[in-house]
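Quick look at model.txt (compact mmCIF, C-alpha atoms and all ligand atoms):
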```
# COMPACT_ATOMS: atom_id res chain seq x y z
CA MET U 7 -18.63 5.43 -15.64
CA ALA U 8 -15.92 5.17 -18.26
CA GLN U 9 -12.91 5.06 -15.95
CA SER U 10 -10.28 2.91 -17.62
CA ILE U 11 -8.45 0.18 -15.74
CA GLU U 12 -5.17 0.95 -17.56
CA PRO U 13 -3.93 3.68 -15.16
CA LEU U 14 -4.30 1.26 -12.22
CA LEU U 15 -2.35 -1.49 -14.04
CA ARG U 16 0.42 0.96 -14.89
CA PHE U 17 0.51 2.25 -11.28
CA LEU U 18 0.79 -1.32 -9.91
CA ASP U 19 3.71 -2.10 -12.25
CA ALA U 20 5.47 1.20 -11.51
CA SER U 21 5.17 0.71 -7.73
CA PRO U 22 7.21 -2.34 -6.67
CA THR U 23 7.84 -0.73 -3.25
CA PRO U 24 6.11 1.88 -1.02
CA PHE U 25 8.89 4.32 -2.01
CA HIS U 26 7.98 4.01 -5.67
CA ALA U 27 4.23 4.19 -4.93
CA VAL U 28 4.67 7.46 -3.00
CA ALA U 29 6.97 8.93 -5.68
CA GLY U 30 4.38 8.14 -8.37
CA ILE U 31 1.49 9.58 -6.37
CA ALA U 32 3.49 12.70 -5.50
CA ALA U 33 4.17 13.24 -9.22
CA ARG U 34 0.44 12.94 -9.98
CA LEU U 35 -0.34 15.42 -7.19
CA ARG U 36 2.23 17.96 -8.44
CA ALA U 37 0.79 17.69 -11.96
CA ALA U 38 -2.63 18.48 -10.44
CA GLY U 39 -1.32 21.63 -8.74
CA TYR U 40 -0.49 20.26 -5.28
CA ALA U 41 2.57 21.88 -3.70
CA ALA U 42 5.15 19.73 -1.92
CA VAL U 43 5.72 21.00 1.62
CA ALA U 44 8.57 19.75 3.83
CA GLU U 45 7.58 19.23 7.45
CA ARG U 46 10.70 21.12 8.58
CA GLU U 47 9.56 24.30 6.79
CA ARG U 48 7.83 27.16 8.58
CA TRP U 49 4.46 26.91 6.95
CA ARG U 50 1.06 28.49 7.52
CA PRO U 51 -1.75 27.13 5.39
CA ALA U 52 -3.93 29.47 3.42
CA ALA U 53 -7.68 28.97 3.82
CA VAL U 54 -7.73 27.48 0.34
CA GLY U 55 -4.94 25.37 -1.08
CA LYS U 56 -3.57 22.05 -2.24
CA TYR U 57 -0.52 20.58 -0.49
CA TYR U 58 1.16 17.28 0.19
CA PHE U 59 3.69 16.00 2.73
CA THR U 60 5.77 12.83 2.78
CA ARG U 61 7.62 10.97 5.53
CA ASN U 62 10.38 8.43 5.02
CA ASP U 63 9.61 8.66 1.27
CA SER U 64 7.06 5.90 1.92
CA SER U 65 4.04 7.65 3.54
CA LEU U 66 2.11 10.62 2.20
CA VAL U 67 -0.63 13.03 3.31
CA ALA U 68 -2.35 15.14 0.63
CA VAL U 69 -4.56 18.07 1.61
CA ASN U 70 -7.15 19.91 -0.48
CA LEU U 71 -8.39 22.71 1.76
CA HIS U 72 -11.40 24.90 0.95
CA ARG U 73 -12.88 26.08 4.26
CA PRO U 74 -11.85 26.75 7.89
CA PRO U 75 -11.40 23.24 9.35
CA ALA U 76 -12.79 24.06 12.82
CA GLU U 77 -16.15 24.93 11.24
CA HIS U 78 -16.22 22.37 8.45
CA GLY U 79 -14.02 19.42 9.50
CA PHE U 80 -12.19 17.04 7.17
CA ARG U 81 -13.16 14.18 4.88
CA LEU U 82 -10.31 11.67 5.09
CA VAL U 83 -9.56 8.62 2.98
CA GLY U 84 -6.79 6.33 4.27
CA ALA U 85 -4.94 3.35 2.80
CA HIS U 86 -1.55 1.67 3.17
CA THR U 87 1.38 1.69 0.75
CA ASP U 88 3.17 -1.48 1.87
CA SER U 89 2.59 -5.14 0.98
CA PRO U 90 4.11 -8.35 2.35
CA CYS U 91 7.33 -9.17 0.52
CA LEU U 92 10.88 -10.51 0.80
CA LYS U 93 13.38 -7.86 1.96
CA VAL U 94 17.11 -8.13 1.40
CA LYS U 95 19.30 -8.64 4.47
CA PRO U 96 22.13 -6.12 5.11
CA ASN U 97 24.91 -8.60 4.26
CA ALA U 98 23.05 -9.51 1.12
CA VAL U 99 25.01 -12.11 -0.83
CA THR U 100 25.83 -15.63 0.31
CA HIS U 101 27.25 -18.48 -1.72
CA ASN U 102 27.50 -22.25 -1.51
CA ASN U 103 27.66 -25.22 -3.87
CA GLY U 104 28.61 -23.00 -6.79
CA TYR U 105 25.71 -20.53 -6.54
CA ALA U 106 25.48 -16.95 -5.28
CA LYS U 107 22.22 -16.20 -3.47
CA LEU U 108 20.42 -13.21 -2.05
CA ALA U 109 19.58 -13.51 1.66
CA VAL U 110 16.05 -12.31 2.44
CA GLU U 111 13.85 -11.61 5.44
CA VAL U 112 10.06 -11.99 5.24
CA TYR U 113 8.23 -8.64 5.61
CA GLY U 114 4.68 -8.97 6.94
CA GLY U 115 2.34 -11.94 6.62
CA ALA U 116 3.42 -13.09 3.16
CA LEU U 117 1.97 -16.20 1.55
CA LEU U 118 5.33 -17.78 0.68
CA ASN U 119 4.55 -20.60 -1.78
CA PRO U 120 3.76 -18.25 -4.70
CA TRP U 121 7.24 -16.68 -4.49
CA PHE U 122 8.84 -19.84 -5.87
CA ASP U 123 9.61 -20.34 -9.58
CA ARG U 124 9.17 -16.74 -10.69
CA GLY U 125 11.46 -14.17 -12.27
CA LEU U 126 12.17 -11.78 -9.41
CA SER U 127 13.59 -8.29 -9.57
CA LEU U 128 14.92 -5.95 -6.93
CA ALA U 129 13.80 -2.42 -5.96
CA GLY U 130 13.68 0.01 -3.06
CA ARG U 131 15.69 2.85 -1.59
CA VAL U 132 19.43 3.19 -1.14
CA THR U 133 21.12 5.83 0.96
CA VAL U 134 24.37 6.97 -0.60
CA ARG U 135 27.30 9.28 0.02
CA THR U 136 27.61 11.56 -2.97
CA ALA U 137 30.86 12.67 -4.57
CA ALA U 138 30.46 15.92 -2.58
CA GLY U 139 30.25 13.99 0.72
CA ARG U 140 26.51 14.44 1.28
CA ILE U 141 24.14 11.68 2.42
CA GLU U 142 21.21 11.30 -0.01
CA ASN U 143 18.39 8.84 -0.69
CA ARG U 144 17.85 7.39 -4.16
CA LEU U 145 15.13 5.09 -5.42
CA ILE U 146 16.45 2.10 -7.29
CA ASN U 147 14.73 -0.46 -9.52
CA PHE U 148 16.61 -3.12 -11.49
CA ALA U 149 13.42 -3.80 -13.52
CA ARG U 150 14.64 -7.17 -14.83
CA PRO U 151 14.41 -10.73 -13.50
CA LEU U 152 17.77 -11.14 -11.76
CA ALA U 153 16.80 -13.65 -9.07
CA PHE U 154 14.83 -16.89 -8.79
CA ILE U 155 13.73 -19.17 -5.91
CA PRO U 156 13.53 -22.65 -7.46
CA SER U 157 11.22 -25.25 -5.94
CA LEU U 158 12.69 -28.55 -4.87
CA ALA U 159 11.73 -31.17 -7.49
CA ILE U 160 8.89 -33.47 -6.48
CA HIS U 161 11.19 -36.47 -6.99
CA LEU U 162 13.27 -35.19 -4.06
CA ASP U 163 10.26 -34.29 -1.92
CA ARG U 164 7.52 -36.86 -2.54
CA ASP U 165 5.24 -35.31 0.11
CA ALA U 166 5.38 -31.84 -1.45
CA ASN U 167 1.74 -31.85 -2.59
CA ASP U 168 0.47 -33.10 0.76
CA ASN U 169 2.41 -31.21 3.38
CA ARG U 170 5.09 -28.91 2.10
CA SER U 171 6.20 -26.39 4.68
CA ILE U 172 8.60 -23.50 4.12
CA ASN U 173 11.49 -22.65 6.41
CA LYS U 174 11.95 -18.88 6.08
CA GLN U 175 15.67 -19.01 6.80
CA LYS U 176 16.66 -22.06 4.75
CA ASP U 177 14.26 -22.22 1.81
CA LEU U 178 13.96 -18.61 0.62
CA PRO U 179 17.47 -17.39 -0.40
CA ALA U 180 17.12 -16.45 -4.09
CA VAL U 181 19.58 -17.72 -6.69
CA LEU U 182 21.46 -14.88 -8.40
CA CYS U 183 24.11 -16.64 -10.49
CA ARG U 184 26.69 -19.43 -10.72
CA VAL U 185 30.03 -18.56 -9.16
CA SER U 186 33.35 -20.22 -9.66
CA LYS U 187 35.60 -18.20 -7.33
CA ARG U 188 34.11 -15.08 -5.76
CA ALA U 189 30.47 -14.12 -5.20
CA PRO U 190 29.34 -10.86 -6.84
CA ASP U 191 30.01 -7.66 -4.89
CA PHE U 192 26.58 -6.31 -3.93
CA GLN U 193 27.92 -2.75 -3.46
CA ARG U 194 29.21 -2.76 -7.03
CA LEU U 195 25.91 -4.15 -8.32
CA LEU U 196 23.98 -1.35 -6.64
CA ARG U 197 26.40 1.34 -7.80
CA ALA U 198 26.27 0.10 -11.39
CA GLN U 199 22.45 0.22 -11.34
CA LEU U 200 22.51 3.73 -9.79
CA ALA U 201 24.89 4.85 -12.54
CA ARG U 202 22.39 3.57 -15.13
CA GLN U 203 19.45 5.37 -13.46
CA TYR U 204 21.20 8.61 -12.41
CA ARG U 205 23.90 9.35 -14.95
CA ARG U 206 24.61 12.86 -13.67
CA LEU U 207 24.65 12.04 -9.93
CA PRO U 208 27.92 10.24 -9.14
CA VAL U 209 27.98 8.17 -5.97
CA ASP U 210 30.98 7.76 -3.69
CA ALA U 211 29.50 4.81 -1.72
CA VAL U 212 26.23 3.07 -0.92
CA LEU U 213 25.95 3.40 2.85
CA ALA U 214 22.74 1.41 3.46
CA PHE U 215 19.65 0.12 1.66
CA GLU U 216 16.02 -1.03 2.02
CA LEU U 217 15.41 -3.37 -0.90
CA CYS U 218 12.82 -5.99 -1.65
CA LEU U 219 12.33 -8.66 -4.25
CA TYR U 220 9.27 -8.36 -6.48
CA ASP U 221 7.63 -10.50 -9.15
CA CYS U 222 8.40 -9.24 -12.66
CA GLN U 223 5.10 -10.43 -14.14
CA ALA U 224 3.05 -7.37 -15.08
CA ALA U 225 -0.46 -6.68 -13.81
CA GLU U 226 -3.07 -7.97 -16.25
CA ILE U 227 -6.77 -8.49 -16.84
CA VAL U 228 -7.72 -12.18 -16.57
CA GLY U 229 -10.81 -14.40 -16.69
CA LEU U 230 -13.14 -15.68 -19.39
CA LYS U 231 -15.05 -12.41 -19.33
CA ASN U 232 -12.04 -10.14 -18.64
CA GLU U 233 -13.53 -9.22 -15.28
CA PHE U 234 -10.56 -9.75 -12.92
CA ILE U 235 -7.28 -7.94 -12.23
CA ALA U 236 -4.31 -10.20 -11.41
CA SER U 237 -1.34 -8.41 -9.87
CA ALA U 238 1.05 -8.17 -6.97
CA ARG U 239 0.27 -5.58 -4.27
CA LEU U 240 -3.46 -5.12 -5.00
CA ASP U 241 -3.61 -5.05 -1.18
CA ASN U 242 -3.35 -2.18 -0.86
CA LEU U 243 -2.15 -0.18 -3.86
CA LEU U 244 -5.60 -0.59 -5.41
CA SER U 245 -7.05 1.49 -2.54
CA CYS U 246 -4.18 4.04 -2.74
CA HIS U 247 -4.94 4.52 -6.43
CA ALA U 248 -8.71 4.78 -5.92
CA GLY U 249 -8.17 7.32 -3.12
CA LEU U 250 -5.90 9.42 -5.34
CA GLU U 251 -8.33 9.35 -8.29
CA ALA U 252 -11.20 10.31 -5.97
CA LEU U 253 -9.23 13.17 -4.42
CA LEU U 254 -8.32 14.59 -7.84
CA ALA U 255 -11.90 14.25 -9.13
CA ALA U 256 -13.75 15.57 -6.07
CA GLY U 257 -15.51 18.97 -6.06
CA LYS U 258 -14.23 22.14 -4.46
CA LYS U 259 -16.49 22.61 -1.44
CA THR U 260 -15.05 20.31 1.23
CA ASN U 261 -11.73 19.83 3.05
CA ASN U 262 -10.36 16.60 1.62
CA ILE U 263 -7.41 14.58 2.87
CA LEU U 264 -5.72 11.45 1.53
CA VAL U 265 -3.46 9.65 4.00
CA LEU U 266 -1.28 6.79 2.78
CA ASN U 267 0.75 5.00 5.45
CA ASP U 268 3.66 2.58 5.24
CA HIS U 269 4.19 -0.31 7.69
CA GLU U 270 0.56 -1.47 8.02
CA GLU U 271 1.58 -5.05 7.30
CA VAL U 272 3.87 -5.07 10.34
CA GLY U 273 1.56 -3.36 12.83
CA SER U 274 1.82 0.36 11.89
CA VAL U 275 4.16 1.29 14.77
CA SER U 276 6.72 3.57 13.10
CA ALA U 277 7.43 7.25 12.48
CA SER U 278 5.59 7.02 9.16
CA GLY U 279 3.01 4.36 10.14
CA ALA U 280 -0.61 4.92 11.16
CA ASP U 281 0.31 4.35 14.81
CA GLY U 282 2.73 7.31 14.67
CA LEU U 283 2.03 11.04 14.77
CA PHE U 284 2.40 11.90 11.06
CA LEU U 285 -1.28 12.54 10.28
CA HIS U 286 -1.86 14.30 13.60
CA ALA U 287 1.08 16.64 12.95
CA ILE U 288 -0.34 17.66 9.57
CA LEU U 289 -3.92 18.16 10.81
CA ARG U 290 -2.64 20.25 13.74
CA ARG U 291 -0.86 22.56 11.30
CA LEU U 292 -4.06 23.00 9.30
CA CYS U 293 -5.89 24.31 12.36
CA ALA U 294 -5.23 27.59 14.14
CA ASP U 295 -4.84 26.02 17.61
CA GLU U 296 -5.47 22.85 19.65
CA PRO U 297 -9.15 23.61 20.41
CA GLY U 298 -9.60 24.33 16.71
CA LEU U 299 -8.12 20.92 15.88
CA ASP U 300 -10.41 19.21 18.41
CA ARG U 301 -13.44 20.94 16.91
CA ALA U 302 -12.32 20.03 13.38
CA LEU U 303 -11.84 16.37 14.33
CA SER U 304 -15.32 16.20 15.89
CA ARG U 305 -16.68 17.31 12.51
CA SER U 306 -14.59 14.83 10.54
CA MET U 307 -14.79 11.27 9.32
CA MET U 308 -12.35 8.83 7.76
CA VAL U 309 -12.93 6.06 5.24
CA SER U 310 -10.17 3.50 5.83
CA ALA U 311 -9.86 1.57 2.56
CA ASP U 312 -8.09 -1.79 2.64
CA ASN U 313 -8.96 -4.86 0.61
CA ALA U 314 -11.32 -7.43 2.13
CA HIS U 315 -11.57 -11.21 1.67
CA GLY U 316 -14.03 -12.13 -1.05
CA VAL U 317 -15.57 -15.60 -0.56
CA HIS U 318 -13.29 -18.18 -2.19
CA PRO U 319 -15.45 -20.65 -4.14
CA ASN U 320 -13.16 -23.58 -3.24
CA TYR U 321 -13.11 -22.68 0.45
CA ALA U 322 -16.53 -21.15 1.10
CA HIS U 323 -16.60 -22.83 4.53
CA LYS U 324 -13.82 -20.46 5.65
CA HIS U 325 -16.21 -17.51 5.36
CA GLU U 326 -19.21 -16.49 7.47
CA PRO U 327 -22.18 -18.19 5.75
CA ASN U 328 -24.41 -15.12 5.89
CA HIS U 329 -21.73 -12.63 4.82
CA GLN U 330 -20.09 -13.77 1.58
CA PRO U 331 -18.67 -10.84 -0.42
CA LEU U 332 -18.34 -11.42 -4.16
CA LEU U 333 -15.86 -9.85 -6.57
CA ASN U 334 -17.34 -7.12 -8.78
CA ALA U 335 -20.29 -6.62 -6.43
CA GLY U 336 -18.99 -3.45 -4.78
CA PRO U 337 -16.85 -2.45 -1.80
CA VAL U 338 -17.33 -4.26 1.50
CA ILE U 339 -18.16 -2.54 4.78
CA LYS U 340 -16.10 -4.39 7.41
CA VAL U 341 -17.64 -4.92 10.83
CA ASN U 342 -16.03 -6.42 13.94
CA SER U 343 -17.57 -5.87 17.36
CA ASN U 344 -14.15 -6.42 18.99
CA GLN U 345 -12.92 -3.26 17.25
CA ARG U 346 -10.52 -4.95 14.85
CA TYR U 347 -12.40 -2.67 12.46
CA ALA U 348 -13.44 0.84 13.46
CA THR U 349 -16.82 0.74 11.69
CA ASN U 350 -19.84 1.65 13.83
CA SER U 351 -23.50 2.00 12.90
CA GLU U 352 -23.14 5.75 12.29
CA THR U 353 -20.10 5.53 9.99
CA ALA U 354 -21.49 2.46 8.17
CA ALA U 355 -24.70 4.42 7.56
CA VAL U 356 -22.81 7.40 6.12
CA PHE U 357 -20.89 5.15 3.71
CA ARG U 358 -24.03 3.22 2.79
CA GLN U 359 -25.86 6.47 1.99
CA VAL U 360 -22.96 7.64 -0.21
CA CYS U 361 -23.22 4.40 -2.21
CA GLU U 362 -27.02 4.44 -2.42
CA ARG U 363 -27.18 8.06 -3.56
CA ALA U 364 -24.65 7.35 -6.33
CA GLY U 365 -26.38 4.10 -7.33
CA LEU U 366 -23.34 2.01 -6.32
CA PRO U 367 -23.56 -1.55 -4.93
CA PHE U 368 -21.90 -2.37 -1.62
CA GLN U 369 -21.58 -5.42 0.66
CA THR U 370 -20.99 -6.11 4.35
CA VAL U 371 -18.66 -8.62 5.99
CA VAL U 372 -17.88 -10.07 9.39
CA VAL U 373 -15.36 -12.86 9.89
CA ARG U 374 -16.53 -16.30 11.09
CA SER U 375 -16.92 -16.33 14.89
CA ASP U 376 -14.43 -19.21 15.12
CA LEU U 377 -11.70 -17.45 13.10
CA ALA U 378 -9.44 -14.56 14.09
CA CYS U 379 -10.16 -11.24 12.40
CA GLY U 380 -7.50 -9.15 10.66
CA SER U 381 -7.15 -5.42 11.21
CA THR U 382 -5.90 -2.33 9.41
CA ILE U 383 -5.11 1.37 9.80
CA GLY U 384 -8.77 2.29 10.54
CA PRO U 385 -8.95 1.36 14.24
CA ILE U 386 -5.42 2.72 14.87
CA THR U 387 -6.16 6.11 13.30
CA ALA U 388 -9.56 6.23 15.03
CA ALA U 389 -7.89 5.65 18.39
CA ARG U 390 -5.03 8.10 17.76
CA LEU U 391 -7.23 10.98 16.58
CA GLY U 392 -10.64 10.19 18.07
CA ILE U 393 -12.07 10.39 14.60
CA ARG U 394 -15.20 8.63 13.31
CA THR U 395 -14.06 5.89 10.94
CA VAL U 396 -15.53 3.28 8.64
CA ASP U 397 -13.40 0.34 7.45
CA ILE U 398 -14.17 -0.74 3.92
CA GLY U 399 -12.36 -2.33 0.98
CA VAL U 400 -12.87 -4.11 -2.32
CA PRO U 401 -13.14 -7.90 -2.03
CA GLN U 402 -10.20 -9.88 -3.37
CA LEU U 403 -8.91 -13.46 -3.50
CA GLY U 404 -5.44 -14.72 -2.61
CA MET U 405 -4.65 -11.90 -0.19
CA HIS U 406 -0.90 -11.59 0.54
CA SER U 407 0.01 -13.86 -2.36
CA VAL U 408 2.64 -12.48 -4.73
CA ARG U 409 -0.22 -12.42 -7.26
CA GLU U 410 -3.67 -11.44 -5.99
CA LEU U 411 -7.05 -11.25 -7.73
CA ALA U 412 -9.57 -8.40 -7.60
CA GLY U 413 -12.53 -7.25 -9.69
CA VAL U 414 -12.29 -4.74 -12.54
CA LYS U 415 -15.68 -3.23 -11.70
CA ASP U 416 -14.88 -2.91 -8.00
CA GLN U 417 -12.02 -0.53 -8.74
CA ARG U 418 -14.43 1.83 -10.52
CA ILE U 419 -17.12 1.48 -7.85
CA LEU U 420 -14.64 2.16 -5.04
CA THR U 421 -13.28 5.27 -6.77
CA ALA U 422 -16.81 6.61 -7.30
CA ALA U 423 -17.77 5.86 -3.67
CA LEU U 424 -14.68 7.63 -2.31
CA LYS U 425 -15.38 10.64 -4.54
CA GLY U 426 -18.96 10.69 -3.23
CA PHE U 427 -17.62 10.56 0.33
CA TYR U 428 -15.22 13.48 -0.31
CA GLU U 429 -18.17 15.52 -1.59
CA ILE U 430 -20.52 14.95 1.38
CA ALA U 431 -21.86 18.42 2.20
CA ASP U 432 -23.21 17.76 5.69
CA TRP U 433 -22.70 15.15 8.41
CA PRO U 434 -25.50 13.67 10.49
CA PHE U 435 -23.36 14.49 13.54
CO CO F 1 -4.10 -4.51 3.51
```
Represent the supplied structure as structure tokens.
Ligand code: CO
Amino acid sequence: MAQSIEPLLRFLDASPTPFHAVAGIAARLRAAGYAAVAERERWRPAAVGKYYFTRNDSSLVAVNLHRPPAEHGFRLVGAHTDSPCLKVKPNAVTHNNGYAKLAVEVYGGALLNPWFDRGLSLAGRVTVRTAAGRIENRLINFARPLAFIPSLAIHLDRDANDNRSINKQKDLPAVLCRVSKRAPDFQRLLRAQLARQYRRLPVDAVLAFELCLYDCQAAEIVGLKNEFIASARLDNLLSCHAGLEALLAAGKKTNNILVLNDHEEVGSVSASGADGLFLHAILRRLCADEPGLDRALSRSMMVSADNAHGVHPNYAHKHEPNHQPLLNAGPVIKVNSNQRYATNSETAAVFRQVCERAGLPFQTVVVRSDLACGSTIGPITAARLGIRTVDIGVPQLGMHSVRELAGVKDQRILTAALKGFYEIADWPF
């Protein structure tokens, strides 16, 4: 397969927030002939068609319909758009000792050490009042390193290499600039950036915002043999991108759905998260009635794609000795008998057969019995919809760091496996 890694690197850099990821994916879908449909519209699906829906600008469901769902079911691929990060507090700017700083709140289970000593930029969504008095959302991205969280010098913290801990309230405010009298006005900063991005859309006031800091270092290929991808947000934009590529490449005989949810990193309970009704609302509209939806769901399956832990060579003892996924050795089928993953023998077998038929490698993982297991959107969606689900994902290192590591080959293998899944003609069930 000749799939280039460049489009993924560009997508990672262009998607500092879930809002930007969804905007980029929606643009790709429109270019491929998918029509944007607003949930508020009266809308009856044709038997054949390509549509997409968004919620909160940060979650998306794309539908490629070819046959009556009640008779043929759906093939679903799911992933999440959010990643752990530092979000800006509403009263954003503080100042002391001659410096203005940005106050931040930790979103999700971020690994905090890697956020220090990096050029950080700011992006997200602002909600504005326009000159005409309307409330509108705008995406914003400063796209330059305007903030920095400096480490404390080792001379002032001699124990730093042995037991440095991070206080989320005290240690994370990011330095913006020196101030002599007054700290910068954050409203004015935002309005100036909006004026640069949207010259013809004058803003009366910024009413509220959802902004996060992000690392300005671009995604890149690293390693002696150029076999790794180093980037922020590989968990889980890599899966979003693979799902999109698979959807666009898949044949025209099956009903294919891509669902990308925000808020996975904080438990998925939100109007746009996997523990809300977004996906259910769309699937219900695709079916003539409730019994039709139930019949469609019983003929459906979801692949929930979210990155897995590859075995870390410096910490191999943290992984189950008999299940040690390697980078560039294929996607990992995740199993947990306590249902932290939704995989069962039937759905694992379907995914395994997809890989084997396409000549693709795959691996299997369980967490050590004496460690807690993570979870993802798979079990939540399975419980909400009663849909057969397999949890899988490419192995990676440094999960939830501001810079994670995945395998170049795995991206290609995952995309091919998801395409193979979308094209499954018949279920065993
Ligand atoms: Co994830």
Item to complete: Go through U:Gly249, U:Pro151, U:Gly336, U:Gly273 and flag the residue nearest ligand CO 1 (chain F), using all atoms listed in the file for the distances.
Response: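 Of U:Gly249, U:Pro151, U:Gly336, U:Gly273, the one nearest ligand CO 1 (chain F) is U:Gly273, counting all atoms listed in the file.
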Worksheet item: If you count all atoms listed in the file, which residues fall within 9 Å of U:Asn232, apart from same-chain ones fewer than 4 positions away, as a list in words?
Response: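 Skipping anything fewer than 4 positions along the chain leaves Ile227, Val228 and Val414 of chain U.
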Fill in: Within-8 Å residues of ligand CO 1 (chain F), basis only C-alpha atoms and all ligand atoms, as a PyMOL selection string
chain U and resi 85-86+89+241-242+270-271+312-314+382
Item to complete: Tell me which protein, DNA and RNA residues are within 8 Å of U:Leu244, counting all atoms listed in the file, leaving out same-chain ones fewer than 5 positions away, and put them as a VMD selection string.
Response: chain U and resid 14 18 239 417
Generate the output file for the selected residues, C-alpha atoms, as a compact mmCIF listing (two decimals), in the frame of the given file.
```txt
# COMPACT_ATOMS: atom_id res chain seq x y z
CA LEU U 14 -4.30 1.26 -12.22
CA LEU U 18 0.79 -1.32 -9.91
CA ARG U 239 0.27 -5.58 -4.27
CA GLN U 417 -12.02 -0.53 -8.74
```
Item to complete: Give me, please, the distance in Å between atom CA of U:Ser237 and atom CA of U:Leu200, quoted to one decimal.
Response: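 Separation between atom CA of U:Ser237 and atom CA of U:Leu200: 26.8 Å.
Comparing U:Phe25, U:Tyr113, U:Trp121, U:Tyr428 by their smallest distance to U:Leu266, the closest is U:Phe25 (using only C-alpha atoms).
Excluding stretch 332-335 of chain U itself and same-chain residues fewer than 4 positions from it, the residues having an atom within 7 Å of it are U:Gly316, U:Val317, U:Pro367, U:Phe368, U:Pro401, U:Gln402, U:Ala412, U:Gly413, U:Val414, U:Lys415, U:Asp416, counting all atoms listed in the file.
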Worksheet entry | Spatial neighbours of U:Ile172, max dist 8 Å, all atoms listed in the file, sep filter under 3 positions, as a list in words | Leu118, Asn119 and Asp177 of chain U
Could you write out the selected residues, including C-alpha atoms, as a PDB file, keeping the file's coordinate frame?
```pdb
ATOM      1  CA  LEU U 118       5.330 -17.780   0.680  1.00  0.00           C
ATOM      2  CA  ASN U 119       4.550 -20.600  -1.780  1.00  0.00           C
ATOM      3  CA  ASP U 177      14.260 -22.220   1.810  1.00  0.00           C
TER       4      ASP U 177
END
```
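When all atoms listed in the file are used to measure the gap to U:Leu195, the shortest distance among U:Asn147, U:Tyr220, U:Met307, U:Ser276 belongs to U:Asn147.
Here atom CA of U:Arg81 is placed at a distance of 4.9 Å from atom CA of U:Asn262.
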Item to complete: Check the smallest atom-to-atom distance from each of U:Gln199, U:Asn328, U:Thr353, U:Asn169 to U:Arg374 using all atoms listed in the file, then report the winner.
Response: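 Checking each of U:Gln199, U:Asn328, U:Thr353, U:Asn169 against U:Arg374, counting all atoms listed in the file, the winner is U:Asn328.
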Worksheet item: Near U:Glu45, within 12 Å and counting only C-alpha atoms, which residues show up once chain neighbours fewer than 6 positions away are dropped, as a list in words?
Response: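 Residues near the query, excluding close chain neighbours: Tyr57, Tyr58, Phe59, Thr60, Arg61, Asn62, Leu66, Val67, Phe284, Leu285, Ala287, Ile288 and Arg291 of chain U.
Separating atom CA of U:Gly392 from atom CA of U:Ala68 is a distance of 19.9 Å.
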Worksheet entry | Distance criterion (all atoms listed in the file): nearest to U:His286 out of U:Val112, U:Val272, U:Ala423, U:Ala389 | U:Ala389
Worksheet entry | Using all atoms listed in the file: which of U:Asn102, U:Ser64, U:Ser10, U:Ser278 has the shortest distance to U:Arg188 |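 That would be U:Asn102, the residue with the smallest distance to U:Arg188.
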